[in-house]
Amino acid sequence: MLPLAADGGGFQPPTINDFFPPPILFSGTWFEFNRVELVRIVAALVIVSLFVVAARRAKLVPGRFQSAIEWVLDFVRTGIAEDVLGKENAKRYVPLLTTVFVAILGFNLTGIVPFLNIAGTSRIGLPLLLALWVYVMYLGAGIKKHGVGGFLKASLFPPGVPPFLYVLLTPVELLQVFVIRPATLALRLTANMIAGHLMLVLCFGATEYFLVEAAPAMKAFGVLTFLSGFVMTLFEVFVAALQAYIFAVLAAVYLSLSIADEH
């Protein structure tokens, strides 16, 4: 959530430019560094620090902090990996799914953290990187289990289908396997974070306008927009967690499809 400019010209709504802040360092180069990258670094350091501290201070009888960390780990292991992949296959992919879930949750929540105020996943680069990681694991798991030919056959020529339908079905499966699955992972996450950011900026930007710039008769609307912003903040927390969960579940589903004997 970026502060809105107030130049006396009335309320200025949020725009897509909020996601392209001016560079802080290395302007105009391949290494251009702006506030979004700074938010990502801060979030990554906090996530790593939390787990390092939890690991170093682990006790047989956990306290609240350790219990919270263990709950997250157990949730991913049992609620995502084992539910989708089964206990035997889950062991291999729990680290991947845990990393994806925790990272996305942490980067999503930066959108409501004061002084950060923008989700690290609200630009396509990071979601795309995570989606490509899952996609490479998906292809690797399928090829390891079935071989290149077996994986392509199982993916592009589903069993039990009349041969003449492959003319229509195989191009669709080809598009789904090699384009749609990785693309939708990244686009779904990014779109939700963009929408949430714009709604928060709209609510709190309108609050500032009504309370500071608007005519006295309109200042009461500022209370309504502030309450709306508060509700949207709570909703954004829910969406942040939901999108992390959906991303991890879909990653597990894709991995399950890649190693299944039949699709």
# chains A, B, ... in the order shown; residues from 1 in each chain; ligands from 1
call {"tool": "select_by_dssp", "arguments": {"residues": "range 2-51 of chain A", "states": "alpha helix (DSSP H)", "output": "PDB file with all heavy atoms, in the first residue's frame"}}
result
ATOM      1  N   ARG A  35      11.925  -0.542  -4.255  1.00  0.00           N
ATOM      2  CA  ARG A  35      11.321  -0.853  -2.963  1.00  0.00           C
ATOM      3  C   ARG A  35      10.723  -2.254  -2.910  1.00  0.00           C
ATOM      4  O   ARG A  35      10.697  -2.887  -1.856  1.00  0.00           O
ATOM      5  CB  ARG A  35      10.232   0.180  -2.622  1.00  0.00           C
ATOM      6  CG  ARG A  35       9.874   0.216  -1.155  1.00  0.00           C
ATOM      7  CD  ARG A  35       8.997   1.423  -0.867  1.00  0.00           C
ATOM      8  NE  ARG A  35       7.694   1.287  -1.460  1.00  0.00           N
ATOM      9  CZ  ARG A  35       6.660   0.687  -0.859  1.00  0.00           C
ATOM     10  NH1 ARG A  35       6.813   0.158   0.336  1.00  0.00           N
ATOM     11  NH2 ARG A  35       5.485   0.620  -1.445  1.00  0.00           N
ATOM     12  N   VAL A  36      10.244  -2.755  -4.042  1.00  0.00           N
ATOM     13  CA  VAL A  36       9.690  -4.110  -4.061  1.00  0.00           C
ATOM     14  C   VAL A  36      10.785  -5.128  -3.754  1.00  0.00           C
ATOM     15  O   VAL A  36      10.585  -6.065  -2.971  1.00  0.00           O
ATOM     16  CB  VAL A  36       9.023  -4.411  -5.410  1.00  0.00           C
ATOM     17  CG1 VAL A  36       8.522  -5.854  -5.447  1.00  0.00           C
ATOM     18  CG2 VAL A  36       7.871  -3.447  -5.667  1.00  0.00           C
ATOM     19  N   GLU A  37      11.955  -4.959  -4.376  1.00  0.00           N
ATOM     20  CA  GLU A  37      13.070  -5.862  -4.083  1.00  0.00           C
ATOM     21  C   GLU A  37      13.505  -5.738  -2.624  1.00  0.00           C
ATOM     22  O   GLU A  37      13.834  -6.748  -1.983  1.00  0.00           O
ATOM     23  CB  GLU A  37      14.260  -5.557  -4.992  1.00  0.00           C
ATOM     24  CG  GLU A  37      14.183  -6.180  -6.359  1.00  0.00           C
ATOM     25  CD  GLU A  37      13.204  -5.481  -7.275  1.00  0.00           C
ATOM     26  OE1 GLU A  37      13.116  -4.242  -7.194  1.00  0.00           O
ATOM     27  OE2 GLU A  37      12.523  -6.173  -8.063  1.00  0.00           O
ATOM     28  N   LEU A  38      13.476  -4.530  -2.094  1.00  0.00           N
ATOM     29  CA  LEU A  38      13.830  -4.337  -0.690  1.00  0.00           C
ATOM     30  C   LEU A  38      12.858  -5.069   0.228  1.00  0.00           C
ATOM     31  O   LEU A  38      13.268  -5.726   1.204  1.00  0.00           O
ATOM     32  CB  LEU A  38      13.835  -2.842  -0.363  1.00  0.00           C
ATOM     33  CG  LEU A  38      14.155  -2.462   1.094  1.00  0.00           C
ATOM     34  CD1 LEU A  38      15.546  -2.946   1.473  1.00  0.00           C
ATOM     35  CD2 LEU A  38      14.032  -0.956   1.300  1.00  0.00           C
ATOM     36  N   VAL A  39      11.575  -4.982  -0.086  1.00  0.00           N
ATOM     37  CA  VAL A  39      10.558  -5.694   0.696  1.00  0.00           C
ATOM     38  C   VAL A  39      10.793  -7.199   0.643  1.00  0.00           C
ATOM     39  O   VAL A  39      10.688  -7.896   1.660  1.00  0.00           O
ATOM     40  CB  VAL A  39       9.145  -5.341   0.174  1.00  0.00           C
ATOM     41  CG1 VAL A  39       8.103  -6.294   0.744  1.00  0.00           C
ATOM     42  CG2 VAL A  39       8.795  -3.905   0.539  1.00  0.00           C
ATOM     43  N   ARG A  40      11.138  -7.708  -0.511  1.00  0.00           N
ATOM     44  CA  ARG A  40      11.394  -9.140  -0.654  1.00  0.00           C
ATOM     45  C   ARG A  40      12.590  -9.575   0.193  1.00  0.00           C
ATOM     46  O   ARG A  40      12.559 -10.635   0.838  1.00  0.00           O
ATOM     47  CB  ARG A  40      11.635  -9.483  -2.123  1.00  0.00           C
ATOM     48  CG  ARG A  40      10.387  -9.399  -2.992  1.00  0.00           C
ATOM     49  CD  ARG A  40      10.727  -9.524  -4.462  1.00  0.00           C
ATOM     50  NE  ARG A  40       9.517  -9.578  -5.280  1.00  0.00           N
ATOM     51  CZ  ARG A  40       9.530  -9.529  -6.607  1.00  0.00           C
ATOM     52  NH1 ARG A  40      10.685  -9.415  -7.258  1.00  0.00           N
ATOM     53  NH2 ARG A  40       8.403  -9.591  -7.286  1.00  0.00           N
ATOM     54  N   ILE A  41      13.634  -8.777   0.195  1.00  0.00           N
ATOM     55  CA  ILE A  41      14.819  -9.123   0.985  1.00  0.00           C
ATOM     56  C   ILE A  41      14.491  -9.113   2.470  1.00  0.00           C
ATOM     57  O   ILE A  41      14.880 -10.019   3.220  1.00  0.00           O
ATOM     58  CB  ILE A  41      15.969  -8.139   0.667  1.00  0.00           C
ATOM     59  CG1 ILE A  41      16.488  -8.397  -0.747  1.00  0.00           C
ATOM     60  CG2 ILE A  41      17.100  -8.278   1.684  1.00  0.00           C
ATOM     61  CD1 ILE A  41      17.532  -7.405  -1.201  1.00  0.00           C
ATOM     62  N   VAL A  42      13.762  -8.095   2.911  1.00  0.00           N
ATOM     63  CA  VAL A  42      13.369  -8.019   4.325  1.00  0.00           C
ATOM     64  C   VAL A  42      12.531  -9.230   4.705  1.00  0.00           C
ATOM     65  O   VAL A  42      12.758  -9.869   5.743  1.00  0.00           O
ATOM     66  CB  VAL A  42      12.597  -6.706   4.598  1.00  0.00           C
ATOM     67  CG1 VAL A  42      11.997  -6.727   6.003  1.00  0.00           C
ATOM     68  CG2 VAL A  42      13.517  -5.503   4.436  1.00  0.00           C
ATOM     69  N   ALA A  43      11.556  -9.572   3.868  1.00  0.00           N
ATOM     70  CA  ALA A  43      10.694 -10.712   4.160  1.00  0.00           C
ATOM     71  C   ALA A  43      11.489 -12.013   4.213  1.00  0.00           C
ATOM     72  O   ALA A  43      11.283 -12.853   5.101  1.00  0.00           O
ATOM     73  CB  ALA A  43       9.591 -10.821   3.101  1.00  0.00           C
ATOM     74  N   ALA A  44      12.405 -12.196   3.264  1.00  0.00           N
ATOM     75  CA  ALA A  44      13.218 -13.416   3.241  1.00  0.00           C
ATOM     76  C   ALA A  44      14.083 -13.519   4.493  1.00  0.00           C
ATOM     77  O   ALA A  44      14.201 -14.608   5.083  1.00  0.00           O
ATOM     78  CB  ALA A  44      14.091 -13.432   1.990  1.00  0.00           C
ATOM     79  N   LEU A  45      14.679 -12.415   4.911  1.00  0.00           N
ATOM     80  CA  LEU A  45      15.517 -12.424   6.119  1.00  0.00           C
ATOM     81  C   LEU A  45      14.689 -12.755   7.359  1.00  0.00           C
ATOM     82  O   LEU A  45      15.134 -13.502   8.236  1.00  0.00           O
ATOM     83  CB  LEU A  45      16.207 -11.071   6.279  1.00  0.00           C
ATOM     84  CG  LEU A  45      17.307 -10.753   5.263  1.00  0.00           C
ATOM     85  CD1 LEU A  45      17.816  -9.330   5.468  1.00  0.00           C
ATOM     86  CD2 LEU A  45      18.452 -11.755   5.367  1.00  0.00           C
ATOM     87  N   VAL A  46      13.490 -12.206   7.433  1.00  0.00           N
ATOM     88  CA  VAL A  46      12.621 -12.481   8.588  1.00  0.00           C
ATOM     89  C   VAL A  46      12.212 -13.955   8.612  1.00  0.00           C
ATOM     90  O   VAL A  46      12.262 -14.604   9.666  1.00  0.00           O
ATOM     91  CB  VAL A  46      11.368 -11.579   8.545  1.00  0.00           C
ATOM     92  CG1 VAL A  46      10.352 -12.023   9.588  1.00  0.00           C
ATOM     93  CG2 VAL A  46      11.760 -10.127   8.789  1.00  0.00           C
ATOM     94  N   ILE A  47      11.819 -14.501   7.456  1.00  0.00           N
ATOM     95  CA  ILE A  47      11.400 -15.900   7.393  1.00  0.00           C
ATOM     96  C   ILE A  47      12.540 -16.823   7.809  1.00  0.00           C
ATOM     97  O   ILE A  47      12.369 -17.721   8.646  1.00  0.00           O
ATOM     98  CB  ILE A  47      10.916 -16.252   5.975  1.00  0.00           C
ATOM     99  CG1 ILE A  47       9.624 -15.508   5.651  1.00  0.00           C
ATOM    100  CG2 ILE A  47      10.694 -17.757   5.839  1.00  0.00           C
ATOM    101  CD1 ILE A  47       9.221 -15.593   4.191  1.00  0.00           C
ATOM    102  N   VAL A  48      13.721 -16.602   7.240  1.00  0.00           N
ATOM    103  CA  VAL A  48      14.874 -17.445   7.574  1.00  0.00           C
ATOM    104  C   VAL A  48      15.229 -17.310   9.045  1.00  0.00           C
ATOM    105  O   VAL A  48      15.507 -18.306   9.734  1.00  0.00           O
ATOM    106  CB  VAL A  48      16.078 -17.082   6.681  1.00  0.00           C
ATOM    107  CG1 VAL A  48      17.342 -17.800   7.163  1.00  0.00           C
ATOM    108  CG2 VAL A  48      15.793 -17.438   5.234  1.00  0.00           C
ATOM    109  N   SER A  49      15.199 -16.086   9.555  1.00  0.00           N
ATOM    110  CA  SER A  49      15.550 -15.854  10.956  1.00  0.00           C
ATOM    111  C   SER A  49      14.591 -16.580  11.900  1.00  0.00           C
ATOM    112  O   SER A  49      15.016 -17.159  12.907  1.00  0.00           O
ATOM    113  CB  SER A  49      15.543 -14.353  11.258  1.00  0.00           C
ATOM    114  OG  SER A  49      16.515 -13.679  10.488  1.00  0.00           O
ATOM    115  N   LEU A  50      13.300 -16.542  11.587  1.00  0.00           N
ATOM    116  CA  LEU A  50      12.314 -17.215  12.435  1.00  0.00           C
ATOM    117  C   LEU A  50      12.593 -18.712  12.544  1.00  0.00           C
ATOM    118  O   LEU A  50      12.563 -19.284  13.638  1.00  0.00           O
ATOM    119  CB  LEU A  50      10.904 -16.991  11.882  1.00  0.00           C
ATOM    120  CG  LEU A  50      10.317 -15.592  12.058  1.00  0.00           C
ATOM    121  CD1 LEU A  50       8.975 -15.495  11.345  1.00  0.00           C
ATOM    122  CD2 LEU A  50      10.149 -15.247  13.532  1.00  0.00           C
ATOM    123  N   PHE A  51      12.911 -19.328  11.428  1.00  0.00           N
ATOM    124  CA  PHE A  51      13.134 -20.772  11.448  1.00  0.00           C
ATOM    125  C   PHE A  51      14.495 -21.130  12.052  1.00  0.00           C
ATOM    126  O   PHE A  51      14.631 -22.174  12.697  1.00  0.00           O
ATOM    127  CB  PHE A  51      12.988 -21.346  10.037  1.00  0.00           C
ATOM    128  CG  PHE A  51      11.563 -21.568   9.644  1.00  0.00           C
ATOM    129  CD1 PHE A  51      10.811 -20.545   9.083  1.00  0.00           C
ATOM    130  CD2 PHE A  51      10.954 -22.793   9.853  1.00  0.00           C
ATOM    131  CE1 PHE A  51       9.487 -20.741   8.736  1.00  0.00           C
ATOM    132  CE2 PHE A  51       9.628 -23.003   9.502  1.00  0.00           C
ATOM    133  CZ  PHE A  51       8.886 -21.974   8.951  1.00  0.00           C
TER     134      PHE A  51
END
call {"tool": "residues_around", "arguments": {"residues": "Pro159 in chain A", "least_positions_apart": "2", "cutoff": "12 Å", "atoms": "only C-alpha atoms", "output": "MDAnalysis selection string"}}
result
chainID A and resid 153:157 161:163 165:166 169:170 261:263
call {"tool": "closest_residue", "arguments": {"among": "A:Leu129, A:Leu200, A:Val61, A:Val179", "to": "Val113 in chain A", "atoms": "only C-alpha atoms"}}
result
A:Leu200
call {"tool": "residues_around", "arguments": {"residues": "Ala131 in chain A", "least_positions_apart": "6", "cutoff": "8 Å", "atoms": "only C-alpha atoms", "output": "mmCIF file with N, CA, C and O atoms, in the first residue's frame"}}
result
data_model
loop_
_atom_site.group_PDB
_atom_site.id
_atom_site.type_symbol
_atom_site.label_atom_id
_atom_site.label_comp_id
_atom_site.auth_asym_id
_atom_site.auth_seq_id
_atom_site.Cartn_x
_atom_site.Cartn_y
_atom_site.Cartn_z
ATOM 1 N N PRO A 182 2.223 -24.194 -15.251
ATOM 2 C CA PRO A 182 3.125 -23.220 -14.618
ATOM 3 C C PRO A 182 2.606 -21.789 -14.689
ATOM 4 O O PRO A 182 2.779 -21.008 -13.746
ATOM 5 N N ALA A 183 1.938 -21.435 -15.803
ATOM 6 C CA ALA A 183 1.469 -20.059 -15.961
ATOM 7 C C ALA A 183 0.376 -19.717 -14.961
ATOM 8 O O ALA A 183 0.386 -18.638 -14.353
ATOM 9 N N LEU A 185 -0.202 -21.026 -12.036
ATOM 10 C CA LEU A 185 0.340 -20.915 -10.681
ATOM 11 C C LEU A 185 0.812 -19.494 -10.414
ATOM 12 O O LEU A 185 0.493 -18.892 -9.383
ATOM 13 N N ALA A 186 1.582 -18.954 -11.332
ATOM 14 C CA ALA A 186 2.149 -17.618 -11.139
ATOM 15 C C ALA A 186 1.094 -16.525 -11.281
ATOM 16 O O ALA A 186 1.040 -15.588 -10.468
#
call {"tool": "atom_distance", "arguments": {"atom1": "CA of Ala215 in chain A", "atom2": "CA of Pro14 in chain A"}}
result
21.4 Å
call {"tool": "closest_residue", "arguments": {"among": "A:Arg77, A:Lys145, A:Lys59, A:Arg123", "to": "Ser256 in chain A", "atoms": "only C-alpha atoms"}}
result
A:Lys145
call {"tool": "closest_residue", "arguments": {"among": "A:Leu227, A:Leu105, A:Ala214, A:Leu202", "to": "Leu189 in chain A", "atoms": "only C-alpha atoms"}}
result
A:Leu105
call {"tool": "residues_around", "arguments": {"residues": "Phe107 in chain A", "least_positions_apart": "2", "cutoff": "7 Å", "atoms": "only C-alpha atoms", "output": "PyMOL selection string"}}
result
chain A and resi 40+43+103-105+109-110+119-121
call {"tool": "atom_distance", "arguments": {"atom1": "CA of Glu213 in chain A", "atom2": "CA of Phe230 in chain A"}}
result
20.8 Å
call {"tool": "residues_around", "arguments": {"residues": "Thr233 in chain A", "least_positions_apart": "6", "cutoff": "12 Å", "atoms": "only C-alpha atoms", "output": "number ranges by chain"}}
result
A: 1, 109-114, 117, 196-204, 226-227, 239-240
call {"tool": "decode", "arguments": {"residues": "range 239-255 of chain A", "atoms": "N, CA and C atoms", "output": "PDB file, in the first residue's frame"}}
result
ATOM      1  N   VAL A 239      -6.650 -13.933   2.408  1.00  0.00           N
ATOM      2  CA  VAL A 239      -6.262 -14.206   1.022  1.00  0.00           C
ATOM      3  C   VAL A 239      -4.786 -14.595   0.950  1.00  0.00           C
ATOM      4  N   ALA A 240      -3.953 -13.943   1.744  1.00  0.00           N
ATOM      5  CA  ALA A 240      -2.525 -14.269   1.757  1.00  0.00           C
ATOM      6  C   ALA A 240      -2.304 -15.727   2.136  1.00  0.00           C
ATOM      7  N   ALA A 241      -2.992 -16.168   3.184  1.00  0.00           N
ATOM      8  CA  ALA A 241      -2.869 -17.559   3.619  1.00  0.00           C
ATOM      9  C   ALA A 241      -3.504 -18.506   2.607  1.00  0.00           C
ATOM     10  N   LEU A 242      -4.654 -18.123   2.076  1.00  0.00           N
ATOM     11  CA  LEU A 242      -5.358 -18.977   1.116  1.00  0.00           C
ATOM     12  C   LEU A 242      -4.537 -19.187  -0.146  1.00  0.00           C
ATOM     13  N   GLN A 243      -3.918 -18.122  -0.656  1.00  0.00           N
ATOM     14  CA  GLN A 243      -3.132 -18.251  -1.877  1.00  0.00           C
ATOM     15  C   GLN A 243      -1.880 -19.085  -1.661  1.00  0.00           C
ATOM     16  N   ALA A 244      -1.278 -18.984  -0.483  1.00  0.00           N
ATOM     17  CA  ALA A 244      -0.133 -19.844  -0.172  1.00  0.00           C
ATOM     18  C   ALA A 244      -0.569 -21.299  -0.142  1.00  0.00           C
ATOM     19  N   TYR A 245      -1.732 -21.545   0.449  1.00  0.00           N
ATOM     20  CA  TYR A 245      -2.266 -22.903   0.536  1.00  0.00           C
ATOM     21  C   TYR A 245      -2.603 -23.454  -0.858  1.00  0.00           C
ATOM     22  N   ILE A 246      -3.270 -22.652  -1.672  1.00  0.00           N
ATOM     23  CA  ILE A 246      -3.653 -23.094  -3.014  1.00  0.00           C
ATOM     24  C   ILE A 246      -2.416 -23.408  -3.852  1.00  0.00           C
ATOM     25  N   PHE A 247      -1.414 -22.544  -3.776  1.00  0.00           N
ATOM     26  CA  PHE A 247      -0.190 -22.749  -4.549  1.00  0.00           C
ATOM     27  C   PHE A 247       0.463 -24.064  -4.142  1.00  0.00           C
ATOM     28  N   ALA A 248       0.571 -24.302  -2.833  1.00  0.00           N
ATOM     29  CA  ALA A 248       1.212 -25.524  -2.343  1.00  0.00           C
ATOM     30  C   ALA A 248       0.393 -26.760  -2.698  1.00  0.00           C
ATOM     31  N   VAL A 249      -0.934 -26.670  -2.577  1.00  0.00           N
ATOM     32  CA  VAL A 249      -1.792 -27.813  -2.913  1.00  0.00           C
ATOM     33  C   VAL A 249      -1.686 -28.140  -4.399  1.00  0.00           C
ATOM     34  N   LEU A 250      -1.731 -27.123  -5.258  1.00  0.00           N
ATOM     35  CA  LEU A 250      -1.617 -27.371  -6.695  1.00  0.00           C
ATOM     36  C   LEU A 250      -0.252 -27.949  -7.044  1.00  0.00           C
ATOM     37  N   ALA A 251       0.789 -27.470  -6.370  1.00  0.00           N
ATOM     38  CA  ALA A 251       2.118 -28.043  -6.582  1.00  0.00           C
ATOM     39  C   ALA A 251       2.113 -29.531  -6.239  1.00  0.00           C
ATOM     40  N   ALA A 252       1.481 -29.879  -5.121  1.00  0.00           N
ATOM     41  CA  ALA A 252       1.391 -31.285  -4.718  1.00  0.00           C
ATOM     42  C   ALA A 252       0.556 -32.088  -5.709  1.00  0.00           C
ATOM     43  N   VAL A 253      -0.520 -31.504  -6.194  1.00  0.00           N
ATOM     44  CA  VAL A 253      -1.373 -32.195  -7.178  1.00  0.00           C
ATOM     45  C   VAL A 253      -0.590 -32.459  -8.460  1.00  0.00           C
ATOM     46  N   TYR A 254       0.156 -31.466  -8.941  1.00  0.00           N
ATOM     47  CA  TYR A 254       0.939 -31.653 -10.162  1.00  0.00           C
ATOM     48  C   TYR A 254       1.992 -32.735  -9.969  1.00  0.00           C
ATOM     49  N   LEU A 255       2.649 -32.734  -8.817  1.00  0.00           N
ATOM     50  CA  LEU A 255       3.637 -33.774  -8.532  1.00  0.00           C
ATOM     51  C   LEU A 255       2.982 -35.142  -8.477  1.00  0.00           C
TER      52      LEU A 255
END
